[in-house]
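So this block is start22.csv, CSV, C-alpha atoms:
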```
chain,number,residue,atom,x,y,z
A,1,MET,CA,25.2,-28.6,91.2
A,2,LYS,CA,24.7,-25.1,89.9
A,3,PHE,CA,25.5,-24.3,86.2
A,4,GLY,CA,25.9,-20.7,85.1
A,5,ILE,CA,25.5,-19.6,81.5
A,6,ILE,CA,27.9,-16.6,81.2
A,7,LYS,CA,27.6,-13.6,79.0
A,8,GLU,CA,29.8,-13.6,75.9
A,9,ARG,CA,32.3,-10.8,76.3
A,10,LYS,CA,34.8,-11.4,73.5
A,11,ASN,CA,34.8,-8.8,70.7
A,12,PRO,CA,33.4,-8.9,68.0
A,13,PRO,CA,30.3,-10.0,69.9
A,14,ASP,CA,29.1,-13.6,69.5
A,15,LYS,CA,25.3,-14.3,70.0
A,16,ARG,CA,25.6,-18.0,70.5
A,17,VAL,CA,25.0,-19.8,73.8
A,18,VAL,CA,25.7,-23.3,75.1
A,19,LEU,CA,22.1,-24.0,76.3
A,20,SER,CA,18.9,-22.3,74.9
A,21,PRO,CA,16.0,-21.7,77.2
A,22,THR,CA,14.2,-24.8,76.1
A,23,LEU,CA,17.3,-27.0,76.6
A,24,CYS,CA,17.8,-25.5,80.0
A,25,GLN,CA,14.3,-26.5,80.9
A,26,ASN,CA,14.9,-30.0,79.5
A,27,VAL,CA,18.1,-30.4,81.6
A,28,LEU,CA,16.3,-29.4,84.7
A,29,HIS,CA,13.5,-31.9,84.1
A,30,LYS,CA,16.0,-34.7,83.6
A,31,HIS,CA,18.4,-33.9,86.4
A,32,SER,CA,16.9,-32.9,89.7
A,33,GLU,CA,20.4,-32.2,91.1
A,34,VAL,CA,20.9,-29.3,88.6
A,35,GLN,CA,20.3,-25.6,89.0
A,36,ILE,CA,20.8,-23.2,86.1
A,37,VAL,CA,21.5,-19.5,86.3
A,38,VAL,CA,21.8,-17.3,83.2
A,39,GLU,CA,23.9,-14.1,83.3
A,40,SER,CA,22.0,-11.2,81.9
A,41,SER,CA,23.0,-10.3,78.3
A,42,ASP,CA,21.8,-7.9,75.7
A,43,ILE,CA,23.9,-9.7,73.1
A,44,ARG,CA,22.7,-13.3,73.3
A,45,VAL,CA,20.4,-14.5,70.5
A,46,PHE,CA,18.0,-15.7,73.2
A,47,SER,CA,16.8,-12.8,75.3
A,48,ASP,CA,16.6,-12.7,79.1
A,49,LYS,CA,12.9,-12.6,78.7
A,50,GLU,CA,12.9,-16.0,76.8
A,51,TYR,CA,14.8,-17.6,79.7
A,52,LEU,CA,12.5,-16.1,82.3
A,53,GLU,CA,9.5,-17.4,80.4
A,54,LYS,CA,11.0,-20.9,80.9
A,55,ASN,CA,11.4,-20.2,84.6
A,56,ILE,CA,15.2,-19.9,84.3
A,57,GLU,CA,16.8,-17.5,86.8
A,58,ILE,CA,18.6,-14.4,85.4
A,59,ALA,CA,21.4,-13.0,87.5
A,60,SER,CA,24.0,-10.3,87.2
A,61,LYS,CA,26.8,-12.3,88.9
A,62,MET,CA,28.0,-15.8,88.6
A,63,GLU,CA,30.0,-16.3,91.7
A,64,SER,CA,27.5,-18.7,93.3
A,65,CYS,CA,27.8,-21.2,90.3
A,66,ASN,CA,30.1,-24.3,90.3
A,67,VAL,CA,30.3,-24.7,86.5
A,68,LEU,CA,30.4,-21.8,84.0
A,69,LEU,CA,29.4,-22.4,80.4
A,70,GLY,CA,30.5,-20.1,77.6
A,71,VAL,CA,31.2,-20.3,73.9
A,72,LYS,CA,34.2,-18.1,73.0
A,73,GLU,CA,37.3,-17.3,75.1
A,74,VAL,CA,36.5,-15.5,78.3
A,75,PRO,CA,38.5,-12.2,78.7
A,76,ILE,CA,41.2,-12.5,81.4
A,77,THR,CA,39.6,-9.8,83.5
A,78,ALA,CA,36.3,-11.6,83.6
A,79,LEU,CA,37.6,-15.0,84.8
A,80,ILE,CA,36.4,-16.0,88.3
A,81,PRO,CA,38.9,-17.9,90.4
A,82,ASN,CA,38.4,-21.5,91.5
A,83,LYS,CA,35.6,-22.3,89.1
A,84,LYS,CA,35.1,-24.9,86.4
A,85,TYR,CA,34.8,-23.4,83.0
A,86,PHE,CA,33.7,-24.7,79.6
A,87,PHE,CA,34.6,-22.7,76.5
A,88,PHE,CA,36.6,-22.8,73.3
A,89,SER,CA,40.0,-21.6,74.7
A,90,HIS,CA,41.9,-21.9,71.4
A,91,THR,CA,45.1,-23.0,73.2
A,92,ILE,CA,45.4,-26.7,72.4
A,93,LYS,CA,47.4,-25.8,69.2
A,94,LYS,CA,49.7,-23.4,71.2
A,95,GLN,CA,48.0,-20.3,69.7
A,96,VAL,CA,50.4,-17.5,70.8
A,97,TYR,CA,47.6,-15.0,71.1
A,98,ASN,CA,46.0,-17.0,74.0
A,99,ARG,CA,49.1,-17.9,76.0
A,100,ASN,CA,48.3,-15.3,78.7
A,101,LEU,CA,44.7,-16.7,78.9
A,102,LEU,CA,46.0,-20.2,79.7
A,103,ARG,CA,48.5,-18.8,82.2
A,104,THR,CA,45.8,-16.8,84.0
A,105,ILE,CA,43.5,-19.9,84.1
A,106,LEU,CA,46.4,-21.7,85.9
A,107,ASP,CA,47.1,-18.8,88.2
A,108,LYS,CA,43.4,-18.5,89.2
A,109,ASN,CA,43.1,-22.3,89.9
A,110,ILE,CA,40.4,-22.6,87.2
A,111,GLU,CA,39.5,-26.1,86.0
A,112,LEU,CA,39.2,-25.6,82.2
A,113,TYR,CA,37.3,-27.9,79.9
A,114,ASP,CA,37.7,-27.1,76.3
A,115,HIS,CA,34.7,-27.8,74.0
A,116,GLU,CA,37.1,-28.8,71.2
A,117,VAL,CA,38.3,-31.8,73.1
A,118,ILE,CA,35.0,-33.1,74.4
A,119,THR,CA,35.3,-36.5,72.7
A,120,ASN,CA,34.2,-40.1,72.9
A,121,ILE,CA,36.7,-42.9,73.6
A,122,LYS,CA,37.7,-43.1,69.9
A,123,GLY,CA,38.6,-39.4,69.9
A,124,GLN,CA,35.6,-38.3,67.9
A,125,ARG,CA,34.2,-34.9,68.9
A,126,LEU,CA,30.8,-35.0,70.6
A,127,VAL,CA,29.9,-31.3,70.6
A,128,ALA,CA,30.7,-28.9,67.7
A,129,PHE,CA,29.4,-26.1,65.5
A,130,GLY,CA,30.9,-27.7,62.4
A,131,ARG,CA,27.6,-28.5,60.7
A,132,TYR,CA,26.5,-24.8,60.9
A,133,ALA,CA,29.9,-23.6,59.7
A,134,GLY,CA,29.3,-25.8,56.6
A,135,ILE,CA,25.7,-24.5,56.2
A,136,VAL,CA,26.7,-20.8,56.4
A,137,GLY,CA,29.9,-21.3,54.5
A,138,ALA,CA,28.1,-22.8,51.5
A,139,TYR,CA,25.6,-20.0,51.5
A,140,ASN,CA,28.3,-17.3,51.8
A,141,GLY,CA,30.2,-18.9,49.0
A,142,ILE,CA,27.3,-18.9,46.7
A,143,ARG,CA,26.6,-15.3,47.7
A,144,ALA,CA,30.3,-14.5,46.9
A,145,TYR,CA,29.9,-16.1,43.5
A,146,GLY,CA,26.9,-13.9,42.7
A,147,LEU,CA,28.7,-10.8,43.7
A,148,LYS,CA,31.9,-11.7,42.0
A,149,PHE,CA,30.2,-12.0,38.6
A,150,ASN,CA,27.4,-9.5,39.2
A,151,LEU,CA,24.8,-12.3,38.7
A,152,PHE,CA,22.7,-11.9,41.9
A,153,GLU,CA,22.8,-10.4,45.4
A,154,LEU,CA,21.8,-12.6,48.3
A,155,PRO,CA,21.2,-11.0,51.7
A,156,LYS,CA,23.9,-11.6,54.4
A,157,ALA,CA,23.3,-14.8,56.4
A,158,GLU,CA,23.5,-12.8,59.7
A,159,TYR,CA,20.3,-10.9,58.7
A,160,LEU,CA,18.3,-14.2,58.2
A,161,MET,CA,16.5,-16.1,61.0
A,162,ASP,CA,17.6,-19.7,60.4
A,163,GLN,CA,18.7,-22.3,57.9
A,164,ALA,CA,15.2,-22.5,56.4
A,165,ALA,CA,15.5,-18.8,55.6
A,166,LEU,CA,18.9,-19.3,53.9
A,167,ILE,CA,17.5,-22.0,51.8
A,168,THR,CA,14.5,-19.8,50.8
A,169,GLU,CA,16.9,-17.2,49.5
A,170,LEU,CA,19.1,-19.7,47.7
A,171,ASN,CA,16.1,-21.0,45.8
A,172,LYS,CA,15.3,-17.5,44.5
A,173,ILE,CA,18.5,-17.5,42.4
A,174,GLN,CA,19.6,-19.3,39.3
A,175,LEU,CA,23.3,-20.5,39.1
A,176,PRO,CA,24.9,-20.8,35.7
A,177,ASN,CA,26.2,-24.2,34.5
A,178,ILE,CA,29.2,-24.3,36.9
A,179,LYS,CA,31.0,-27.1,38.5
A,180,ILE,CA,31.2,-26.9,42.3
A,181,LEU,CA,33.8,-28.9,44.3
A,182,LEU,CA,33.2,-29.7,48.0
A,183,THR,CA,36.0,-31.3,50.1
A,184,GLY,CA,35.2,-33.1,53.3
A,185,ARG,CA,32.6,-35.6,54.5
A,186,GLY,CA,32.5,-34.7,58.2
A,187,ARG,CA,30.2,-32.2,59.9
A,188,VAL,CA,31.4,-29.2,57.9
A,189,GLY,CA,31.3,-30.9,54.5
A,190,ASN,CA,28.0,-32.5,55.1
A,191,GLY,CA,26.5,-29.2,56.4
A,192,ALA,CA,27.6,-27.6,53.1
A,193,ARG,CA,26.1,-30.5,51.2
A,194,GLU,CA,22.8,-29.9,52.8
A,195,MET,CA,22.6,-26.5,51.2
A,196,LEU,CA,23.6,-27.7,47.7
A,197,ASP,CA,21.0,-30.5,47.9
A,198,ALA,CA,18.4,-28.0,49.1
A,199,MET,CA,19.0,-26.1,45.9
A,200,ASN,CA,18.5,-29.3,44.0
A,201,ILE,CA,21.9,-29.1,42.5
A,202,ARG,CA,22.8,-32.4,40.8
A,203,LYS,CA,25.5,-34.4,42.6
A,204,VAL,CA,27.9,-36.3,40.3
A,205,ASN,CA,30.7,-38.8,41.1
A,206,VAL,CA,34.4,-38.1,40.5
A,207,SER,CA,34.7,-39.5,37.0
A,208,GLU,CA,31.5,-37.7,35.9
A,209,TYR,CA,32.7,-34.5,37.4
A,210,LEU,CA,36.2,-34.7,35.8
A,211,GLU,CA,35.0,-35.8,32.4
A,212,GLY,CA,31.5,-34.6,31.9
A,213,ASP,CA,30.0,-31.4,30.4
A,214,TYR,CA,26.6,-30.3,31.8
A,215,ASN,CA,23.8,-27.9,31.0
A,216,GLU,CA,23.1,-27.3,34.6
A,217,PRO,CA,25.2,-26.6,37.8
A,218,VAL,CA,26.6,-29.8,39.4
A,219,TYR,CA,28.7,-30.6,42.4
A,220,CYS,CA,31.0,-33.3,43.6
A,221,GLN,CA,31.9,-34.1,47.2
A,222,ILE,CA,35.3,-35.7,47.8
A,223,ASP,CA,37.4,-36.8,50.7
A,224,ALA,CA,41.1,-37.1,51.4
A,225,SER,CA,41.5,-40.4,49.5
A,226,GLU,CA,40.3,-38.7,46.3
A,227,TYR,CA,42.4,-35.5,46.5
A,228,ASN,CA,45.6,-37.2,47.6
A,229,LYS,CA,47.6,-40.2,46.3
A,230,ARG,CA,50.6,-42.2,47.6
A,231,LYS,CA,54.0,-41.0,46.5
A,232,ASP,CA,55.1,-44.6,45.8
A,233,GLY,CA,52.2,-45.2,43.4
A,234,VAL,CA,50.7,-47.9,45.6
A,235,ARG,CA,46.9,-47.6,45.9
A,236,GLY,CA,46.1,-45.8,49.1
A,237,ASN,CA,42.9,-45.3,51.2
A,238,LYS,CA,41.5,-42.9,53.7
A,239,ALA,CA,42.6,-44.8,56.7
A,240,ASP,CA,46.2,-45.2,55.4
A,241,PHE,CA,46.3,-41.5,54.6
A,242,PHE,CA,45.4,-40.4,58.1
A,243,LYS,CA,47.9,-42.9,59.5
A,244,ASN,CA,50.8,-41.9,57.2
A,245,PRO,CA,50.0,-38.5,55.7
A,246,GLU,CA,53.7,-37.8,54.9
A,247,GLU,CA,53.6,-40.7,52.4
A,248,TYR,CA,51.1,-38.8,50.2
A,249,LYS,CA,51.1,-36.0,47.7
A,250,SER,CA,48.2,-33.9,46.5
A,251,ASN,CA,46.1,-35.1,43.6
A,252,PHE,CA,43.8,-32.0,43.8
A,253,PHE,CA,45.0,-30.2,40.6
A,254,ARG,CA,42.9,-32.5,38.4
A,255,PHE,CA,39.8,-31.0,40.1
A,256,ALA,CA,41.1,-27.5,40.0
A,257,LYS,CA,41.3,-27.7,36.2
A,258,VAL,CA,37.6,-28.2,35.9
A,259,SER,CA,36.1,-26.5,38.9
A,260,ASP,CA,34.6,-23.0,39.0
A,261,PHE,CA,33.7,-22.8,42.7
A,262,TYR,CA,35.3,-24.6,45.5
A,263,ILE,CA,34.0,-25.1,49.1
A,264,ALA,CA,36.7,-26.2,51.5
A,265,GLY,CA,35.1,-28.2,54.3
A,266,HIS,CA,37.8,-30.8,55.0
A,267,PHE,CA,39.9,-31.4,58.2
A,268,TYR,CA,43.6,-30.7,57.7
A,269,GLY,CA,46.1,-32.6,59.9
A,270,ASP,CA,49.8,-32.1,60.6
A,271,GLY,CA,52.0,-33.7,57.9
A,272,ALA,CA,49.4,-33.8,55.2
A,273,PRO,CA,50.1,-32.2,51.8
A,274,PHE,CA,48.5,-28.9,50.8
A,275,LEU,CA,45.5,-29.3,48.5
A,276,TYR,CA,47.0,-26.7,46.2
A,277,THR,CA,49.9,-24.3,46.5
A,278,ARG,CA,50.4,-20.7,45.4
A,279,GLU,CA,52.3,-22.1,42.4
A,280,ASP,CA,49.4,-24.3,41.5
A,281,ALA,CA,47.1,-21.2,41.6
A,282,LYS,CA,49.4,-19.4,39.1
A,283,HIS,CA,49.0,-22.2,36.5
A,284,SER,CA,47.1,-21.3,33.4
A,285,GLU,CA,44.9,-24.4,33.8
A,286,PHE,CA,43.8,-23.5,37.4
A,287,LYS,CA,40.2,-22.7,36.8
A,288,ILE,CA,38.7,-22.0,40.3
A,289,LYS,CA,37.5,-18.4,40.6
A,290,VAL,CA,35.6,-18.5,43.9
A,291,VAL,CA,36.7,-20.2,47.1
A,292,ALA,CA,34.6,-20.6,50.2
A,293,ASP,CA,37.2,-21.7,52.7
A,294,VAL,CA,35.2,-22.9,55.7
A,295,SER,CA,38.2,-24.7,57.2
A,296,CYS,CA,40.1,-21.4,57.1
A,297,ASP,CA,43.8,-22.4,57.7
A,298,ILE,CA,45.8,-19.3,57.0
A,299,ASP,CA,48.7,-19.7,54.6
A,300,GLY,CA,47.9,-23.4,54.6
A,301,PRO,CA,46.4,-26.2,52.5
A,302,VAL,CA,44.2,-23.8,50.5
A,303,ALA,CA,46.9,-21.4,49.4
A,304,THR,CA,44.6,-18.6,48.3
A,305,THR,CA,43.5,-18.1,51.9
A,306,ILE,CA,46.1,-15.5,53.0
A,307,ARG,CA,44.0,-14.2,55.9
A,308,SER,CA,40.7,-14.8,57.6
A,309,SER,CA,37.8,-12.5,56.7
A,310,THR,CA,35.0,-11.1,58.9
A,311,ILE,CA,31.2,-11.3,59.0
A,312,ALA,CA,31.2,-7.6,58.3
A,313,ASP,CA,33.6,-7.8,55.3
A,314,PRO,CA,33.5,-11.5,54.2
A,315,ILE,CA,35.1,-11.5,50.8
A,316,TYR,CA,38.5,-10.5,49.5
A,317,GLY,CA,40.4,-11.1,46.3
A,318,TYR,CA,43.6,-13.1,45.8
A,319,GLU,CA,45.8,-12.3,42.7
A,320,PRO,CA,47.7,-15.5,42.0
A,321,GLN,CA,50.7,-14.0,40.0
A,322,SER,CA,51.6,-11.4,42.6
A,323,GLU,CA,50.3,-13.5,45.6
A,324,THR,CA,48.7,-10.3,46.9
A,325,GLU,CA,45.2,-9.2,47.9
A,326,ILE,CA,43.2,-7.2,45.4
A,327,ASP,CA,39.5,-6.3,44.8
A,328,TYR,CA,37.7,-9.6,44.5
A,329,LYS,CA,35.7,-8.3,41.5
A,330,ASP,CA,38.9,-7.8,39.5
A,331,LYS,CA,39.1,-10.1,36.5
A,332,ASN,CA,42.4,-11.5,37.7
A,333,ALA,CA,41.2,-12.2,41.3
A,334,ILE,CA,40.1,-15.4,42.9
A,335,ALA,CA,37.3,-14.4,45.3
A,336,VAL,CA,37.9,-15.8,48.8
A,337,MET,CA,35.3,-16.1,51.5
A,338,ALA,CA,37.2,-17.1,54.7
A,339,VAL,CA,35.1,-16.1,57.7
A,340,ASP,CA,36.5,-17.9,60.7
A,341,ASN,CA,33.4,-17.8,62.9
A,342,LEU,CA,30.7,-18.8,60.4
A,343,PRO,CA,28.2,-20.4,62.9
A,344,ALA,CA,27.9,-17.0,64.6
A,345,GLU,CA,25.9,-15.9,61.6
A,346,LEU,CA,23.3,-18.5,62.4
A,347,PRO,CA,23.3,-18.2,66.2
A,348,ARG,CA,19.8,-19.6,67.0
A,349,ASP,CA,20.1,-22.8,65.0
A,350,ALA,CA,23.8,-23.3,65.9
A,351,SER,CA,23.0,-22.9,69.6
A,352,ASP,CA,20.2,-25.4,69.5
A,353,GLY,CA,22.3,-28.0,67.7
A,354,PHE,CA,25.3,-27.5,70.0
A,355,GLY,CA,23.2,-27.5,73.1
A,356,GLU,CA,21.4,-30.7,72.2
A,357,ALA,CA,24.8,-32.5,72.1
A,358,PHE,CA,26.1,-30.8,75.2
A,359,SER,CA,23.0,-31.8,77.3
A,360,LYS,CA,23.1,-35.3,75.9
A,361,TYR,CA,26.8,-36.1,76.5
A,362,VAL,CA,28.3,-33.6,78.9
A,363,ILE,CA,25.7,-32.8,81.6
A,364,PRO,CA,25.1,-36.5,82.4
A,365,ALA,CA,28.8,-37.1,82.9
A,366,PHE,CA,28.7,-34.9,86.1
A,367,PHE,CA,26.2,-37.4,87.6
A,368,ASN,CA,27.3,-40.8,86.3
A,369,GLY,CA,30.8,-40.7,87.7
A,370,ASP,CA,32.1,-39.7,84.2
A,371,LYS,CA,31.8,-43.4,83.3
A,372,ASP,CA,32.8,-42.7,79.7
A,373,GLY,CA,35.7,-40.4,80.5
A,374,ILE,CA,34.2,-37.4,78.7
A,375,LEU,CA,35.0,-34.9,81.4
A,376,GLU,CA,38.5,-36.4,82.0
A,377,ARG,CA,39.5,-36.1,78.4
A,378,ALA,CA,38.3,-32.5,78.1
A,379,ARG,CA,39.8,-31.3,81.4
A,380,MET,CA,42.9,-29.3,80.5
A,381,THR,CA,43.8,-27.8,83.9
A,382,SER,CA,43.3,-28.9,87.5
A,383,ASN,CA,44.7,-27.6,90.8
A,384,GLY,CA,46.6,-24.9,89.1
A,385,LYS,CA,48.4,-27.3,86.8
A,386,LEU,CA,48.0,-28.8,83.3
A,387,THR,CA,46.5,-32.3,83.4
A,388,LYS,CA,48.5,-35.2,82.1
A,389,ARG,CA,46.9,-35.2,78.7
A,390,TYR,CA,47.8,-31.6,78.2
A,391,LYS,CA,51.3,-31.5,79.7
A,392,TYR,CA,52.6,-30.9,76.1
A,393,LEU,CA,51.5,-27.3,76.6
A,394,GLN,CA,53.9,-26.6,79.4
A,395,ASP,CA,56.6,-25.1,77.2
A,396,TYR,CA,53.9,-23.0,75.6
A,397,VAL,CA,52.8,-21.7,79.0
A,398,ASP,CA,56.4,-21.1,79.9
A,399,GLY,CA,56.9,-19.0,76.7
A,400,LYS,CA,59.5,-21.3,75.3
```
The structure given in the file should be rewritten as structure tokens.
Amino acid sequence: MKFGIIKERKNPPDKRVVLSPTLCQNVLHKHSEVQIVVESSDIRVFSDKEYLEKNIEIASKMESCNVLLGVKEVPITALIPNKKYFFFSHTIKKQVYNRNLLRTILDKNIELYDHEVITNIKGQRLVAFGRYAGIVGAYNGIRAYGLKFNLFELPKAEYLMDQAALITELNKIQLPNIKILLTGRGRVGNGAREMLDAMNIRKVNVSEYLEGDYNEPVYCQIDASEYNKRKDGVRGNKADFFKNPEEYKSNFFRFAKVSDFYIAGHFYGDGAPFLYTREDAKHSEFKIKVVADVSCDIDGPVATTIRSSTIADPIYGYEPQSETEIDYKDKNAIAVMAVDNLPAELPRDASDGFGEAFSKYVIPAFFNGDKDGILERARMTSNGKLTKRYKYLQDYVDGK
């Protein structure tokens, strides 16, 4: 079976790749049935030369490949009919801007496997960039804090080589005695925590965070059971919350009253309450002045996120009373960092981490009869139609 690593063509350019040169070589050593061809690219973080040095073939066309591997959406004009494709299609939530992409995939008889739905039998994702979103998001948030208050200037993450370089820069600065709140204990939240720990910022528990005063910066990492509570007053838990989110209301404001800097690294599901609303942000006791919204749900659970930002221009200001965007350095502004493709700022590390998981879980599934159902769960289209699991998208495809 021949796998092709395609050139990323979406704009703005993305330097990430599914398999690095070293991982390509590892796959070839483990699976004698595999061939790998890499489409030439002047964008990719790993150069053509690096692949050639590992004896990986570079080609200008991918028509001879059976399976094509990409990261971001493939432009409609670049789709090759009758192939198997892996990439983030951003269609599973019926995103209107990608409706024509899914229609074209069906018209061209393409078998689409979406990275976002590569899961184990419990529905847990097996390949993801979330850890790197958390790593870069925490760094960018601290950078935004320094710029907001003219305390220090960190270089942009995109100009640094890897996570170690980010940590080196963070350890050159001194944060004031602020309280940092981090939501989420998954890949994103724990990636952000890595950076706070690397700075030797003291971690405190919920009661210490809410009640204590400190002569140093501290942080508190919380999950859904700590920023939500049941409406009926019965003691809830995380499992009950995810099962019955509509039975809960936000208990976040108690954290907003004492926090200076907030890193949003949680997962937000349908039916769950907002962490804080625009009305909450208007309250005189709402203390947060910098938000690093790694999750980046627009007009959603983190109400100060009114749009995504870009790697080129990552910070904007939100003025709570008027609910409008202003200069983030304005004294009335909450500075918001809401870049929606954060791992692209750390492309080498992110590609390595993603590729390790992809080569561990996905590649073997092609040769073991898909015994764990990994391919079947991720297959969105087949024979020009939506598969059973994704039939719910038919109205979306039809434009209804």
Using only C-alpha atoms, which protein or nucleic acid residues come within 12 Å of A:Asn251? Drop anything in the same chain fewer than 6 positions from it, and give the result as a ChimeraX atom specification. /A:222-231,233,257,273-277,280
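If you look at atom CA of A:Tyr318 and atom CA of A:Gly130, they are 25.5 Å away from each other.
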Select all residues near (23.7, -24.9, 45.3) (cut-off 8 Å, inclusive, file coordinates), counting only C-alpha atoms, and output them as a ChimeraX atom specification. /A:138,142,170,175,195-201,217
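Here atom CA of A:Glu158 stands at a distance of 23.3 Å from atom CA of A:Ala357.
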Between atom CA of A:Gly189 and atom CA of A:Ala378, measure the distance and give it in Å to one decimal. 24.7 Å
Show me, as a PyMOL selection string, the residues that have an atom within 9 Å of A:Phe242 when counting only C-alpha atoms, minus same-chain residues fewer than 4 positions from it. chain A and resi 224+237-238+269+272
Please, which residues are within 6 Å of (23.7, -22.2, 89.5) by the file's coordinates, counting all atoms listed in the file, and could they come as JSON, numbers by chain? {"A": [2, 3, 4, 35, 36, 37, 65]}
Any chance you can output those residues with C-alpha atoms as a PDB file, keeping the file's coordinate frame?
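Saved to again-v5.pdb:
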```pdb
ATOM      1  CA  LYS A   2      24.700 -25.100  89.900  1.00  0.00           C
ATOM      2  CA  PHE A   3      25.500 -24.300  86.200  1.00  0.00           C
ATOM      3  CA  GLY A   4      25.900 -20.700  85.100  1.00  0.00           C
ATOM      4  CA  GLN A  35      20.300 -25.600  89.000  1.00  0.00           C
ATOM      5  CA  ILE A  36      20.800 -23.200  86.100  1.00  0.00           C
ATOM      6  CA  VAL A  37      21.500 -19.500  86.300  1.00  0.00           C
ATOM      7  CA  CYS A  65      27.800 -21.200  90.300  1.00  0.00           C
TER       8      CYS A  65
END
```
If you count only C-alpha atoms, which residues fall within 8 Å of A:Gly384, apart from same-chain ones fewer than 2 positions away, as a ChimeraX atom specification? /A:105-111,381-382,386
Would you kindly place N, CA, C and O atoms on stretch 47-61 of chain A and return the model as a PDB file, keeping the file's coordinate frame?
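Produced file result_7.pdb, reproduced below:
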```pdb
ATOM      1  N   SER A  47      16.879 -13.880  74.349  1.00  0.00           N
ATOM      2  CA  SER A  47      16.800 -12.800  75.300  1.00  0.00           C
ATOM      3  C   SER A  47      16.620 -13.243  76.721  1.00  0.00           C
ATOM      4  O   SER A  47      16.221 -14.387  76.971  1.00  0.00           O
ATOM      5  N   ASP A  48      16.896 -12.351  77.670  1.00  0.00           N
ATOM      6  CA  ASP A  48      16.600 -12.700  79.100  1.00  0.00           C
ATOM      7  C   ASP A  48      15.173 -13.053  79.262  1.00  0.00           C
ATOM      8  O   ASP A  48      14.849 -13.973  80.032  1.00  0.00           O
ATOM      9  N   LYS A  49      14.286 -12.362  78.572  1.00  0.00           N
ATOM     10  CA  LYS A  49      12.900 -12.600  78.700  1.00  0.00           C
ATOM     11  C   LYS A  49      12.525 -14.075  78.294  1.00  0.00           C
ATOM     12  O   LYS A  49      11.691 -14.739  78.940  1.00  0.00           O
ATOM     13  N   GLU A  50      13.186 -14.582  77.243  1.00  0.00           N
ATOM     14  CA  GLU A  50      12.900 -16.000  76.800  1.00  0.00           C
ATOM     15  C   GLU A  50      13.320 -16.969  77.861  1.00  0.00           C
ATOM     16  O   GLU A  50      12.658 -18.004  78.025  1.00  0.00           O
ATOM     17  N   TYR A  51      14.405 -16.698  78.587  1.00  0.00           N
ATOM     18  CA  TYR A  51      14.800 -17.600  79.700  1.00  0.00           C
ATOM     19  C   TYR A  51      13.805 -17.488  80.843  1.00  0.00           C
ATOM     20  O   TYR A  51      13.391 -18.506  81.415  1.00  0.00           O
ATOM     21  N   LEU A  52      13.408 -16.278  81.175  1.00  0.00           N
ATOM     22  CA  LEU A  52      12.500 -16.100  82.300  1.00  0.00           C
ATOM     23  C   LEU A  52      11.131 -16.769  81.990  1.00  0.00           C
ATOM     24  O   LEU A  52      10.489 -17.313  82.903  1.00  0.00           O
ATOM     25  N   GLU A  53      10.734 -16.768  80.730  1.00  0.00           N
ATOM     26  CA  GLU A  53       9.500 -17.400  80.400  1.00  0.00           C
ATOM     27  C   GLU A  53       9.545 -18.934  80.558  1.00  0.00           C
ATOM     28  O   GLU A  53       8.507 -19.605  80.656  1.00  0.00           O
ATOM     29  N   LYS A  54      10.762 -19.489  80.600  1.00  0.00           N
ATOM     30  CA  LYS A  54      11.000 -20.900  80.900  1.00  0.00           C
ATOM     31  C   LYS A  54      11.333 -21.147  82.347  1.00  0.00           C
ATOM     32  O   LYS A  54      11.804 -22.221  82.726  1.00  0.00           O
ATOM     33  N   ASN A  55      11.123 -20.106  83.166  1.00  0.00           N
ATOM     34  CA  ASN A  55      11.400 -20.200  84.600  1.00  0.00           C
ATOM     35  C   ASN A  55      12.890 -20.416  84.914  1.00  0.00           C
ATOM     36  O   ASN A  55      13.242 -21.087  85.886  1.00  0.00           O
ATOM     37  N   ILE A  56      13.766 -19.869  84.071  1.00  0.00           N
ATOM     38  CA  ILE A  56      15.200 -19.900  84.300  1.00  0.00           C
ATOM     39  C   ILE A  56      15.656 -18.626  84.919  1.00  0.00           C
ATOM     40  O   ILE A  56      15.343 -17.544  84.409  1.00  0.00           O
ATOM     41  N   GLU A  57      16.404 -18.709  86.007  1.00  0.00           N
ATOM     42  CA  GLU A  57      16.800 -17.500  86.800  1.00  0.00           C
ATOM     43  C   GLU A  57      17.828 -16.680  85.961  1.00  0.00           C
ATOM     44  O   GLU A  57      18.760 -17.208  85.354  1.00  0.00           O
ATOM     45  N   ILE A  58      17.622 -15.386  85.972  1.00  0.00           N
ATOM     46  CA  ILE A  58      18.600 -14.400  85.400  1.00  0.00           C
ATOM     47  C   ILE A  58      19.298 -13.739  86.517  1.00  0.00           C
ATOM     48  O   ILE A  58      18.692 -13.322  87.502  1.00  0.00           O
ATOM     49  N   ALA A  59      20.619 -13.619  86.393  1.00  0.00           N
ATOM     50  CA  ALA A  59      21.400 -13.000  87.500  1.00  0.00           C
ATOM     51  C   ALA A  59      22.457 -12.075  86.838  1.00  0.00           C
ATOM     52  O   ALA A  59      22.771 -12.168  85.649  1.00  0.00           O
ATOM     53  N   SER A  60      22.991 -11.189  87.664  1.00  0.00           N
ATOM     54  CA  SER A  60      24.000 -10.300  87.200  1.00  0.00           C
ATOM     55  C   SER A  60      25.424 -10.758  87.581  1.00  0.00           C
ATOM     56  O   SER A  60      26.419 -10.287  87.031  1.00  0.00           O
ATOM     57  N   LYS A  61      25.506 -11.724  88.508  1.00  0.00           N
ATOM     58  CA  LYS A  61      26.800 -12.300  88.900  1.00  0.00           C
ATOM     59  C   LYS A  61      26.749 -13.791  88.937  1.00  0.00           C
ATOM     60  O   LYS A  61      25.709 -14.387  89.181  1.00  0.00           O
TER      61      LYS A  61
END
```
